[in-house]
file coords39.pdb (PDB, N, CA and C atoms, pLDDT in the B column)
ATOM      1  N   MET A   1      38.296  10.858 -12.126  1.00 70.00           N
ATOM      2  CA  MET A   1      37.799  11.412 -10.882  1.00 70.00           C
ATOM      3  C   MET A   1      38.880  12.326 -10.314  1.00 70.00           C
ATOM      4  N   THR A   2      38.460  13.508  -9.936  1.00 84.00           N
ATOM      5  CA  THR A   2      39.411  14.466  -9.367  1.00 84.00           C
ATOM      6  C   THR A   2      39.502  14.259  -7.860  1.00 84.00           C
ATOM      7  N   LEU A   3      40.490  14.917  -7.275  1.00 80.00           N
ATOM      8  CA  LEU A   3      40.686  14.835  -5.833  1.00 80.00           C
ATOM      9  C   LEU A   3      39.477  15.408  -5.100  1.00 80.00           C
ATOM     10  N   GLN A   4      38.900  16.471  -5.604  1.00 80.00           N
ATOM     11  CA  GLN A   4      37.722  17.072  -4.956  1.00 80.00           C
ATOM     12  C   GLN A   4      36.536  16.122  -4.985  1.00 80.00           C
ATOM     13  N   ASP A   5      36.366  15.412  -6.094  1.00 79.00           N
ATOM     14  CA  ASP A   5      35.272  14.435  -6.178  1.00 79.00           C
ATOM     15  C   ASP A   5      35.469  13.298  -5.177  1.00 79.00           C
ATOM     16  N   ALA A   6      36.696  12.834  -5.052  1.00 80.00           N
ATOM     17  CA  ALA A   6      36.990  11.756  -4.119  1.00 80.00           C
ATOM     18  C   ALA A   6      36.746  12.212  -2.685  1.00 80.00           C
ATOM     19  N   LEU A   7      37.182  13.423  -2.358  1.00 77.00           N
ATOM     20  CA  LEU A   7      36.969  13.939  -1.003  1.00 77.00           C
ATOM     21  C   LEU A   7      35.488  14.146  -0.715  1.00 77.00           C
ATOM     22  N   ARG A   8      34.743  14.597  -1.693  1.00 81.00           N
ATOM     23  CA  ARG A   8      33.306  14.791  -1.528  1.00 81.00           C
ATOM     24  C   ARG A   8      32.611  13.445  -1.303  1.00 81.00           C
ATOM     25  N   GLU A   9      33.052  12.420  -2.040  1.00 84.00           N
ATOM     26  CA  GLU A   9      32.471  11.094  -1.883  1.00 84.00           C
ATOM     27  C   GLU A   9      32.777  10.526  -0.485  1.00 84.00           C
ATOM     28  N   ILE A  10      33.983  10.733  -0.025  1.00 82.00           N
ATOM     29  CA  ILE A  10      34.351  10.267   1.322  1.00 82.00           C
ATOM     30  C   ILE A  10      33.520  11.000   2.375  1.00 82.00           C
ATOM     31  N   ALA A  11      33.358  12.292   2.208  1.00 82.00           N
ATOM     32  CA  ALA A  11      32.567  13.069   3.168  1.00 82.00           C
ATOM     33  C   ALA A  11      31.108  12.619   3.168  1.00 82.00           C
ATOM     34  N   ASP A  12      30.558  12.322   2.005  1.00 81.00           N
ATOM     35  CA  ASP A  12      29.178  11.841   1.925  1.00 81.00           C
ATOM     36  C   ASP A  12      29.026  10.505   2.640  1.00 81.00           C
ATOM     37  N   LYS A  13      29.963   9.578   2.405  1.00 84.00           N
ATOM     38  CA  LYS A  13      29.888   8.273   3.059  1.00 84.00           C
ATOM     39  C   LYS A  13      30.057   8.406   4.564  1.00 84.00           C
ATOM     40  N   ALA A  14      30.946   9.294   5.000  1.00 84.00           N
ATOM     41  CA  ALA A  14      31.133   9.501   6.437  1.00 84.00           C
ATOM     42  C   ALA A  14      29.863  10.081   7.063  1.00 84.00           C
ATOM     43  N   GLY A  15      29.202  10.971   6.364  1.00 83.00           N
ATOM     44  CA  GLY A  15      27.953  11.540   6.863  1.00 83.00           C
ATOM     45  C   GLY A  15      26.864  10.496   6.986  1.00 83.00           C
ATOM     46  N   TYR A  16      26.761   9.627   5.989  1.00 80.00           N
ATOM     47  CA  TYR A  16      25.759   8.562   6.045  1.00 80.00           C
ATOM     48  C   TYR A  16      26.044   7.598   7.197  1.00 80.00           C
ATOM     49  N   MET A  17      27.320   7.230   7.350  1.00 85.00           N
ATOM     50  CA  MET A  17      27.679   6.298   8.414  1.00 85.00           C
ATOM     51  C   MET A  17      27.437   6.913   9.794  1.00 85.00           C
ATOM     52  N   THR A  18      27.711   8.197   9.933  1.00 84.00           N
ATOM     53  CA  THR A  18      27.462   8.876  11.202  1.00 84.00           C
ATOM     54  C   THR A  18      25.969   8.914  11.507  1.00 84.00           C
ATOM     55  N   ALA A  19      25.163   9.192  10.502  1.00 84.00           N
ATOM     56  CA  ALA A  19      23.712   9.229  10.702  1.00 84.00           C
ATOM     57  C   ALA A  19      23.178   7.850  11.075  1.00 84.00           C
ATOM     58  N   ILE A  20      23.681   6.814  10.422  1.00 86.00           N
ATOM     59  CA  ILE A  20      23.239   5.449  10.734  1.00 86.00           C
ATOM     60  C   ILE A  20      23.643   5.084  12.154  1.00 86.00           C
ATOM     61  N   GLY A  21      24.878   5.412  12.524  1.00 83.00           N
ATOM     62  CA  GLY A  21      25.353   5.115  13.877  1.00 83.00           C
ATOM     63  C   GLY A  21      24.568   5.865  14.936  1.00 83.00           C
ATOM     64  N   ALA A  22      24.304   7.139  14.690  1.00 84.00           N
ATOM     65  CA  ALA A  22      23.545   7.939  15.655  1.00 84.00           C
ATOM     66  C   ALA A  22      22.113   7.422  15.779  1.00 84.00           C
ATOM     67  N   GLY A  23      21.509   7.046  14.674  1.00 84.00           N
ATOM     68  CA  GLY A  23      20.152   6.506  14.717  1.00 84.00           C
ATOM     69  C   GLY A  23      20.087   5.185  15.460  1.00 84.00           C
ATOM     70  N   THR A  24      21.067   4.331  15.216  1.00 84.00           N
ATOM     71  CA  THR A  24      21.117   3.046  15.916  1.00 84.00           C
ATOM     72  C   THR A  24      21.302   3.253  17.408  1.00 84.00           C
ATOM     73  N   PHE A  25      22.210   4.148  17.775  1.00 84.00           N
ATOM     74  CA  PHE A  25      22.455   4.430  19.190  1.00 84.00           C
ATOM     75  C   PHE A  25      21.218   5.022  19.852  1.00 84.00           C
ATOM     76  N   ALA A  26      20.541   5.929  19.175  1.00 83.00           N
ATOM     77  CA  ALA A  26      19.334   6.539  19.737  1.00 83.00           C
ATOM     78  C   ALA A  26      18.235   5.492  19.917  1.00 83.00           C
ATOM     79  N   GLY A  27      18.099   4.580  18.970  1.00 81.00           N
ATOM     80  CA  GLY A  27      17.103   3.521  19.101  1.00 81.00           C
ATOM     81  C   GLY A  27      17.426   2.591  20.250  1.00 81.00           C
ATOM     82  N   TRP A  28      18.696   2.254  20.406  1.00 80.00           N
ATOM     83  CA  TRP A  28      19.115   1.400  21.516  1.00 80.00           C
ATOM     84  C   TRP A  28      18.865   2.092  22.843  1.00 80.00           C
ATOM     85  N   LEU A  29      19.186   3.369  22.919  1.00 79.00           N
ATOM     86  CA  LEU A  29      19.004   4.130  24.144  1.00 79.00           C
ATOM     87  C   LEU A  29      17.518   4.248  24.496  1.00 79.00           C
ATOM     88  N   ALA A  30      16.683   4.498  23.495  1.00 79.00           N
ATOM     89  CA  ALA A  30      15.241   4.617  23.738  1.00 79.00           C
ATOM     90  C   ALA A  30      14.672   3.300  24.255  1.00 79.00           C
ATOM     91  N   ASN A  31      15.108   2.181  23.664  1.00 79.00           N
ATOM     92  CA  ASN A  31      14.612   0.881  24.124  1.00 79.00           C
ATOM     93  C   ASN A  31      15.034   0.609  25.554  1.00 79.00           C
ATOM     94  N   ASN A  32      16.252   0.981  25.910  1.00 83.00           N
ATOM     95  CA  ASN A  32      16.711   0.753  27.277  1.00 83.00           C
ATOM     96  C   ASN A  32      15.949   1.622  28.266  1.00 83.00           C
ATOM     97  N   TRP A  33      15.663   2.861  27.914  1.00 84.00           N
ATOM     98  CA  TRP A  33      14.892   3.727  28.809  1.00 84.00           C
ATOM     99  C   TRP A  33      13.484   3.201  28.984  1.00 84.00           C
ATOM    100  N   LEU A  34      12.900   2.709  27.911  1.00 83.00           N
ATOM    101  CA  LEU A  34      11.547   2.145  28.021  1.00 83.00           C
ATOM    102  C   LEU A  34      11.555   0.872  28.861  1.00 83.00           C
ATOM    103  N   GLY A  35      12.592   0.079  28.720  1.00 83.00           N
ATOM    104  CA  GLY A  35      12.710  -1.123  29.542  1.00 83.00           C
ATOM    105  C   GLY A  35      12.868  -0.784  31.005  1.00 83.00           C
ATOM    106  N   LEU A  36      13.685   0.218  31.297  1.00 84.00           N
ATOM    107  CA  LEU A  36      13.870   0.649  32.678  1.00 84.00           C
ATOM    108  C   LEU A  36      12.573   1.209  33.253  1.00 84.00           C
ATOM    109  N   ALA A  37      11.856   1.979  32.452  1.00 87.00           N
ATOM    110  CA  ALA A  37      10.569   2.505  32.911  1.00 87.00           C
ATOM    111  C   ALA A  37       9.596   1.361  33.205  1.00 87.00           C
ATOM    112  N   GLY A  38       9.601   0.324  32.379  1.00 86.00           N
ATOM    113  CA  GLY A  38       8.738  -0.820  32.615  1.00 86.00           C
ATOM    114  C   GLY A  38       9.068  -1.542  33.912  1.00 86.00           C
ATOM    115  N   VAL A  39      10.364  -1.678  34.186  1.00 89.00           N
ATOM    116  CA  VAL A  39      10.784  -2.325  35.435  1.00 89.00           C
ATOM    117  C   VAL A  39      10.355  -1.488  36.635  1.00 89.00           C
ATOM    118  N   LEU A  40      10.510  -0.177  36.539  1.00 90.00           N
ATOM    119  CA  LEU A  40      10.110   0.698  37.646  1.00 90.00           C
ATOM    120  C   LEU A  40       8.601   0.656  37.878  1.00 90.00           C
ATOM    121  N   ILE A  41       7.840   0.661  36.807  1.00 93.00           N
ATOM    122  CA  ILE A  41       6.380   0.587  36.939  1.00 93.00           C
ATOM    123  C   ILE A  41       5.973  -0.748  37.561  1.00 93.00           C
ATOM    124  N   ALA A  42       6.632  -1.827  37.167  1.00 93.00           N
ATOM    125  CA  ALA A  42       6.330  -3.134  37.747  1.00 93.00           C
ATOM    126  C   ALA A  42       6.675  -3.152  39.235  1.00 93.00           C
ATOM    127  N   ALA A  43       7.793  -2.544  39.623  1.00 93.00           N
ATOM    128  CA  ALA A  43       8.187  -2.513  41.035  1.00 93.00           C
ATOM    129  C   ALA A  43       7.195  -1.709  41.862  1.00 93.00           C
ATOM    130  N   VAL A  44       6.731  -0.587  41.334  1.00 93.00           N
ATOM    131  CA  VAL A  44       5.740   0.219  42.047  1.00 93.00           C
ATOM    132  C   VAL A  44       4.433  -0.561  42.170  1.00 93.00           C
ATOM    133  N   GLY A  45       4.039  -1.241  41.111  1.00 93.00           N
ATOM    134  CA  GLY A  45       2.828  -2.052  41.157  1.00 93.00           C
ATOM    135  C   GLY A  45       2.932  -3.167  42.187  1.00 93.00           C
ATOM    136  N   LEU A  46       4.096  -3.793  42.279  1.00 93.00           N
ATOM    137  CA  LEU A  46       4.306  -4.836  43.275  1.00 93.00           C
ATOM    138  C   LEU A  46       4.208  -4.269  44.687  1.00 93.00           C
ATOM    139  N   ALA A  47       4.805  -3.102  44.912  1.00 93.00           N
ATOM    140  CA  ALA A  47       4.764  -2.491  46.245  1.00 93.00           C
ATOM    141  C   ALA A  47       3.335  -2.113  46.638  1.00 93.00           C
ATOM    142  N   VAL A  48       2.587  -1.536  45.722  1.00 93.00           N
ATOM    143  CA  VAL A  48       1.200  -1.154  46.012  1.00 93.00           C
ATOM    144  C   VAL A  48       0.356  -2.398  46.279  1.00 93.00           C
ATOM    145  N   ASN A  49       0.551  -3.420  45.474  1.00 94.00           N
ATOM    146  CA  ASN A  49      -0.195  -4.663  45.658  1.00 94.00           C
ATOM    147  C   ASN A  49       0.130  -5.278  47.010  1.00 94.00           C
ATOM    148  N   TRP A  50       1.394  -5.327  47.378  1.00 93.00           N
ATOM    149  CA  TRP A  50       1.785  -5.874  48.672  1.00 93.00           C
ATOM    150  C   TRP A  50       1.165  -5.064  49.815  1.00 93.00           C
ATOM    151  N   TYR A  51       1.199  -3.742  49.724  1.00 93.00           N
ATOM    152  CA  TYR A  51       0.668  -2.871  50.775  1.00 93.00           C
ATOM    153  C   TYR A  51      -0.817  -3.131  51.011  1.00 93.00           C
ATOM    154  N   TYR A  52      -1.597  -3.149  49.939  1.00 92.00           N
ATOM    155  CA  TYR A  52      -3.033  -3.326  50.112  1.00 92.00           C
ATOM    156  C   TYR A  52      -3.399  -4.759  50.503  1.00 92.00           C
ATOM    157  N   ASN A  53      -2.659  -5.739  50.047  1.00 92.00           N
ATOM    158  CA  ASN A  53      -2.906  -7.112  50.506  1.00 92.00           C
ATOM    159  C   ASN A  53      -2.556  -7.259  51.979  1.00 92.00           C
ATOM    160  N   HIS A  54      -1.517  -6.582  52.418  1.00 92.00           N
ATOM    161  CA  HIS A  54      -1.141  -6.601  53.829  1.00 92.00           C
ATOM    162  C   HIS A  54      -2.243  -5.962  54.688  1.00 92.00           C
ATOM    163  N   LYS A  55      -2.773  -4.828  54.224  1.00 91.00           N
ATOM    164  CA  LYS A  55      -3.872  -4.172  54.947  1.00 91.00           C
ATOM    165  C   LYS A  55      -5.111  -5.070  54.979  1.00 91.00           C
ATOM    166  N   ARG A  56      -5.412  -5.731  53.870  1.00 91.00           N
ATOM    167  CA  ARG A  56      -6.583  -6.610  53.812  1.00 91.00           C
ATOM    168  C   ARG A  56      -6.412  -7.779  54.773  1.00 91.00           C
ATOM    169  N   LEU A  57      -5.211  -8.334  54.835  1.00 91.00           N
ATOM    170  CA  LEU A  57      -4.951  -9.443  55.743  1.00 91.00           C
ATOM    171  C   LEU A  57      -5.121  -9.011  57.199  1.00 91.00           C
ATOM    172  N   LYS A  58      -4.592  -7.835  57.547  1.00 91.00           N
ATOM    173  CA  LYS A  58      -4.743  -7.342  58.917  1.00 91.00           C
ATOM    174  C   LYS A  58      -6.211  -7.106  59.256  1.00 91.00           C
ATOM    175  N   LEU A  59      -6.975  -6.565  58.321  1.00 89.00           N
ATOM    176  CA  LEU A  59      -8.405  -6.327  58.545  1.00 89.00           C
ATOM    177  C   LEU A  59      -9.138  -7.652  58.740  1.00 89.00           C
ATOM    178  N   GLN A  60      -8.818  -8.656  57.929  1.00 89.00           N
ATOM    179  CA  GLN A  60      -9.453  -9.970  58.101  1.00 89.00           C
ATOM    180  C   GLN A  60      -9.108 -10.590  59.439  1.00 89.00           C
ATOM    181  N   GLU A  61      -7.866 -10.422  59.885  1.00 88.00           N
ATOM    182  CA  GLU A  61      -7.474 -10.965  61.191  1.00 88.00           C
ATOM    183  C   GLU A  61      -8.244 -10.285  62.311  1.00 88.00           C
ATOM    184  N   ARG A  62      -8.398  -8.954  62.216  1.00 89.00           N
ATOM    185  CA  ARG A  62      -9.157  -8.239  63.254  1.00 89.00           C
ATOM    186  C   ARG A  62     -10.615  -8.663  63.259  1.00 89.00           C
ATOM    187  N   GLN A  63     -11.203  -8.892  62.091  1.00 89.00           N
ATOM    188  CA  GLN A  63     -12.611  -9.290  62.012  1.00 89.00           C
ATOM    189  C   GLN A  63     -12.830 -10.692  62.559  1.00 89.00           C
ATOM    190  N   GLN A  64     -11.846 -11.555  62.419  1.00 89.00           N
ATOM    191  CA  GLN A  64     -11.982 -12.911  62.955  1.00 89.00           C
ATOM    192  C   GLN A  64     -11.850 -12.940  64.457  1.00 89.00           C
ATOM    193  N   VAL A  65     -11.042 -12.047  65.033  1.00 79.00           N
ATOM    194  CA  VAL A  65     -10.834 -12.016  66.474  1.00 79.00           C
ATOM    195  C   VAL A  65     -12.040 -11.406  67.171  1.00 79.00           C
ATOM    196  N   GLU A  66     -12.633 -10.371  66.588  1.00 69.00           N
ATOM    197  CA  GLU A  66     -13.776  -9.702  67.207  1.00 69.00           C
ATOM    198  C   GLU A  66     -15.008 -10.589  67.111  1.00 69.00           C
ATOM    199  N   PRO A  67     -15.770 -10.693  68.191  1.00 63.00           N
ATOM    200  CA  PRO A  67     -17.003 -11.513  68.164  1.00 63.00           C
ATOM    201  C   PRO A  67     -18.147 -10.826  67.460  1.00 63.00           C
TER     202      PRO A  67
END

call {"tool": "encode", "arguments": {"input": "coords39.pdb", "output": "structure tokens"}}
result
Amino acid sequence: MTLQDALREIADKAGYMTAIGAGTFAGWLANNWLGLAGVLIAAVGLAVNWYYNHKRLKLQERQQVEP
């Protein structure tokens, strides 16, 4: 094996390792963004649910007070 062959082999392995690392990092990042989006959607859903239940409760209270 010549020096050029050894250097080419090292460069190939470094390229593969970089691609694997970048792919793993991108997958981890995508999962975290999707998780964060899920938490935000759940929080918005909770706020909307609370708002409309609060309005419904106030309407029921007014209907009970009125004869």

call {"tool": "axis_aligned_box", "arguments": {"input": "coords39.pdb", "around": "range 28-33 of chain A", "padding_each_side": "4 Å", "output": "JSON"}}
result
{"center_x": 16.3, "center_y": 2.6, "center_z": 24.7, "size_x": 13.7, "size_y": 12.0, "size_z": 16.6}

call {"tool": "atom_distance", "arguments": {"input": "coords39.pdb", "atom1": "atom N of Val48 in chain A", "atom2": "atom C of Gly35 in chain A"}}
result
18.0 Å

call {"tool": "atom_distance", "arguments": {"input": "coords39.pdb", "atom1": "CA of Gln63 in chain A", "atom2": "CA of Ala47 in chain A"}}
result
24.4 Å

call {"tool": "atom_distance", "arguments": {"input": "coords39.pdb", "atom1": "CA of Lys13 in chain A", "atom2": "atom N of Asn31 in chain A"}}
result
26.1 Å
